[in-house]
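Before any comments, here is the structure.
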Amino acid sequence: MKTIGVLTSGGDAPGMNAAIRAVVRSVIYHEREIVGIMRGYLGLINGEIIHMHLGSVADIIHRGGTILHTARCDEFLYPEGRAKAVKQIKKAGIDGLIVIGGDGSYRGALDLAKLGIPTIGVPGTIDNDIACTDATIGLDTAVNTVVDAINKVRDTATSHERVFIIEVMGRNRGDIALLAGIAGGAESILIPEVPLNIKSVAEKIERGRKRGKLHSIIILAEGVGSAIDVGKEITALTNLETRYAILGHIQRGGTPTAYDRMLASRLGAEAVELLLKGESAKAVGIEANKIVRYDIEYVLKQKKPIDLELVNLAGILAI
Ligand code: ADP
């Protein structure tokens, strides 16, 4: 293993840069060569490969996004595209590859491993939708961004005594909504994993009003529906005016939290260790604050259920 390549793929996430930095520095520490592949699998197919050194990752630990850029690449979904990628890997003399991305990127990493390229996956996505890890790189930053938004909305919601619906990312997963909703003290948290009962949301708002509550904040994961529609339904049921805020892509950017930087640093370094030990088709993760490794194939087959204890807690605290 003389030369290791690193790429970021799929949706970007704060902390990806810290992971790239950890990979680059660990490889150099072990006196091997490191190259960066621009734009994920797209750049790999096109041979966009750059030599990296210690200075390449200076001053990036605190930056959101990814200095290697990221892309989605349909060509890579087909054997011909993947064959082109393997050709470029061989041409560049890359002996092992580290893929930082979400579950789609993991599927690509597994395909490359099956084609004989030693490949390790690092979970980089704000969605937390990768199994066999308690958290993915970027989740904590996204949650903090949402909590910050909730704090701000709470001020105006209180002043105007209004019902606010805050729509957050999460098409299939409610992690961001659930964690930010609990930490931000939301009255209701609506996530795709729990069937929507709009009547009980409305009843809770009315109970709160009777107790003299000045505002209601509802956190809605986008997978449940749109904030506008949910707002209309609540108005129809309660006769109260609603306002909404759709946070959108601000959740994907910003300076990564200390937690995400730590996670990215640990996972990036571990990915390098695994390649140097001759491992392939493995994914790294964190469980109970310990770094873990699993077969990517196993990770992709596992379901990652939402934490029902947290769902329960949210219900208790927002009584
Ligand atoms: P994420 O990695 O964030 O889940 P995507 O699902 O868009 O993002 O995947 C990123 C890229 O990984 C895709 O553009 C594609 O090139 C590659 N990919 C996705 N799914 C597969 C698959 N089933 N087999 C091979 N490569 C895949």
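Just remember, in the structure tokens the first chain shown is A, the second B, etc., residues are 1-based per chain, and ligands are 1-based in the order shown.
If one restricts the calculation to only C-alpha atoms and all ligand atoms, the set of residues situated within 6 Å of ligand 1 consists of Ser9, Gly10, Gly11, Tyr41, Arg72, Cys73, Asp74, Phe76, Leu77, Gly101, Gly102, Asp103, Gly104, Ser105, Arg107 and Gly108 of chain A.
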Discussion item. Please list as a ChimeraX atom specification every residue within 9 Å of range 119-127 of chain A, counting only C-alpha atoms and excluding residues in the same chain fewer than 5 positions away.
Written reply: /A:8-16,19,96-103,105-106,109-110,112-113,133,135-143,169-176,251-252,264,267-268,271-272,274-275,279-285,296
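Proximity of A:Ala314, A:Ile246, A:Val299, A:Ile228 to Ile182 in chain A, computed with only C-alpha atoms, is greatest for A:Ala314.
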Worksheet item: Neighbours of range 306-309 of chain A within 10 Å (only C-alpha atoms; same-chain residues fewer than 3 positions away dropped), as a PyMOL selection string?
Response: chain A and resi 128-129+173-175+178+191-194+303+312-315
Fill in: Residues near Val168 in chain A, cut-off 9 Å, only C-alpha atoms, skip fewer than 3 positions along chain, as a VMD selection string
chain A and resid 146 176 to 177 219 to 222 245 to 248 251
Fill in: Residue nearest His62 in chain A - candidates A:Asn17, A:Asn151, A:Thr156, A:Gln302, atoms counted: only C-alpha atoms
A:Asn17
Fill in: DSSP strand (DSSP E) selection over range 154-303 of chain A, as a VMD selection string
chain A and resid 163 to 168 188 to 190 216 to 221 242 to 246 282 to 287 290 to 295
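From CA of Ile49 in chain A back to CA of His69 in chain A, the distance works out to 12.1 Å.
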Worksheet entry | Residues within 12 Å of Val35 in chain A, only C-alpha atoms, excluding chain neighbours under 3 positions, as a ChimeraX atom specification | /A:2-7,20-21,23-25,27-28,32,38,44,47-54,56-57,68,89,92-98
Could you save those same residues with N, CA and C atoms as a compact mmCIF listing (two decimals), in the first residue's frame?
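Written output follows (again_23.txt):
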```
# COMPACT_ATOMS: atom_id res chain seq x y z
N LYS A 2 1.21 1.74 -1.18
CA LYS A 2 2.12 2.90 -1.24
C LYS A 2 1.35 4.20 -1.37
N THR A 3 0.28 4.15 -2.17
CA THR A 3 -0.48 5.38 -2.43
C THR A 3 -1.95 5.16 -2.10
N ILE A 4 -2.47 6.10 -1.30
CA ILE A 4 -3.88 6.02 -0.91
C ILE A 4 -4.62 7.21 -1.53
N GLY A 5 -5.85 6.95 -1.99
CA GLY A 5 -6.68 8.02 -2.55
C GLY A 5 -7.85 8.31 -1.62
N VAL A 6 -8.31 9.55 -1.63
CA VAL A 6 -9.48 9.91 -0.81
C VAL A 6 -10.44 10.73 -1.67
N LEU A 7 -11.73 10.46 -1.50
CA LEU A 7 -12.74 11.26 -2.20
C LEU A 7 -13.95 11.48 -1.29
N ILE A 20 -11.08 14.53 5.65
CA ILE A 20 -10.03 14.54 4.61
C ILE A 20 -8.68 14.84 5.27
N ARG A 21 -8.69 15.83 6.14
CA ARG A 21 -7.45 16.22 6.83
C ARG A 21 -6.87 15.05 7.61
N VAL A 23 -7.34 11.88 7.10
CA VAL A 23 -6.82 10.87 6.17
C VAL A 23 -5.45 11.30 5.65
N VAL A 24 -5.37 12.53 5.16
CA VAL A 24 -4.11 13.01 4.56
C VAL A 24 -2.98 12.96 5.59
N ARG A 25 -3.24 13.48 6.78
CA ARG A 25 -2.17 13.53 7.80
C ARG A 25 -1.77 12.13 8.25
N VAL A 27 -1.93 9.33 6.53
CA VAL A 27 -1.18 8.67 5.46
C VAL A 27 0.27 9.19 5.46
N ILE A 28 0.41 10.51 5.60
CA ILE A 28 1.76 11.09 5.59
C ILE A 28 2.54 10.64 6.83
N ARG A 32 3.43 7.29 3.56
CA ARG A 32 2.90 6.85 2.27
C ARG A 32 2.45 8.08 1.48
N MET A 38 -11.06 14.63 -7.02
CA MET A 38 -12.05 15.70 -7.03
C MET A 38 -13.42 15.16 -7.47
N LEU A 44 -13.36 10.70 -10.39
CA LEU A 44 -12.56 9.47 -10.50
C LEU A 44 -12.61 8.96 -11.94
N GLY A 47 -10.58 11.12 -14.10
CA GLY A 47 -9.15 11.23 -13.76
C GLY A 47 -8.74 12.54 -13.13
N GLU A 48 -9.69 13.17 -12.40
CA GLU A 48 -9.35 14.43 -11.71
C GLU A 48 -8.67 14.11 -10.38
N ILE A 49 -7.39 13.82 -10.45
CA ILE A 49 -6.66 13.33 -9.28
C ILE A 49 -5.51 14.27 -8.98
N ILE A 50 -5.42 14.70 -7.71
CA ILE A 50 -4.37 15.66 -7.35
C ILE A 50 -3.49 15.10 -6.23
N HIS A 51 -2.22 15.42 -6.29
CA HIS A 51 -1.31 15.01 -5.23
C HIS A 51 -1.58 15.88 -4.00
N MET A 52 -1.60 15.28 -2.82
CA MET A 52 -1.84 16.07 -1.61
C MET A 52 -0.63 15.96 -0.68
N HIS A 53 -0.42 17.04 0.10
CA HIS A 53 0.67 17.07 1.06
C HIS A 53 0.16 17.70 2.34
N LEU A 54 1.02 17.86 3.34
CA LEU A 54 0.55 18.37 4.64
C LEU A 54 -0.19 19.70 4.48
N SER A 56 -1.84 20.79 2.00
CA SER A 56 -3.12 20.73 1.27
C SER A 56 -4.32 20.77 2.21
N VAL A 57 -4.09 20.35 3.45
CA VAL A 57 -5.23 20.28 4.38
C VAL A 57 -5.06 21.25 5.55
N LEU A 68 -12.49 18.83 -1.62
CA LEU A 68 -12.39 17.96 -2.80
C LEU A 68 -13.65 18.05 -3.68
N ILE A 89 -7.84 4.53 -11.47
CA ILE A 89 -7.19 4.19 -10.19
C ILE A 89 -5.84 3.53 -10.47
N ALA A 92 -3.31 6.01 -11.94
CA ALA A 92 -2.75 6.94 -10.94
C ALA A 92 -1.92 6.19 -9.89
N GLY A 93 -1.88 4.89 -9.97
CA GLY A 93 -1.10 4.11 -9.00
C GLY A 93 -1.70 4.09 -7.61
N ILE A 94 -3.02 4.23 -7.55
CA ILE A 94 -3.69 4.22 -6.24
C ILE A 94 -3.87 2.77 -5.78
N ASP A 95 -3.38 2.47 -4.56
CA ASP A 95 -3.45 1.09 -4.06
C ASP A 95 -4.64 0.87 -3.13
N GLY A 96 -5.21 1.96 -2.63
CA GLY A 96 -6.36 1.83 -1.73
C GLY A 96 -7.12 3.13 -1.71
N LEU A 97 -8.43 3.03 -1.47
CA LEU A 97 -9.29 4.21 -1.60
C LEU A 97 -10.13 4.41 -0.35
N ILE A 98 -10.28 5.67 0.07
CA ILE A 98 -11.17 6.00 1.19
C ILE A 98 -12.30 6.86 0.65
```
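Straight-line separation from CA of Glu31 in chain A to CA of Ala269 in chain A: 13.8 Å.
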Discussion item. For a quick check of understanding, using only C-alpha atoms, which of A:Ile198, A:Ala149, A:Ala157, A:Met262 has the smallest distance to Leu214 in chain A?
Written reply: A:Ala157
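If you measure from each of A:Lys210, A:Asp260, A:Gly36, A:Lys304 to Thr70 in chain A using only C-alpha atoms, the closest one turns out to be A:Gly36.
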Practice prompt. Write down as a PyMOL selection string the residues belonging to range 127-197 of chain A that are assigned alpha helix (DSSP H) by DSSP computed on the backbone.
Written response: chain A and resi 139-160+175-183
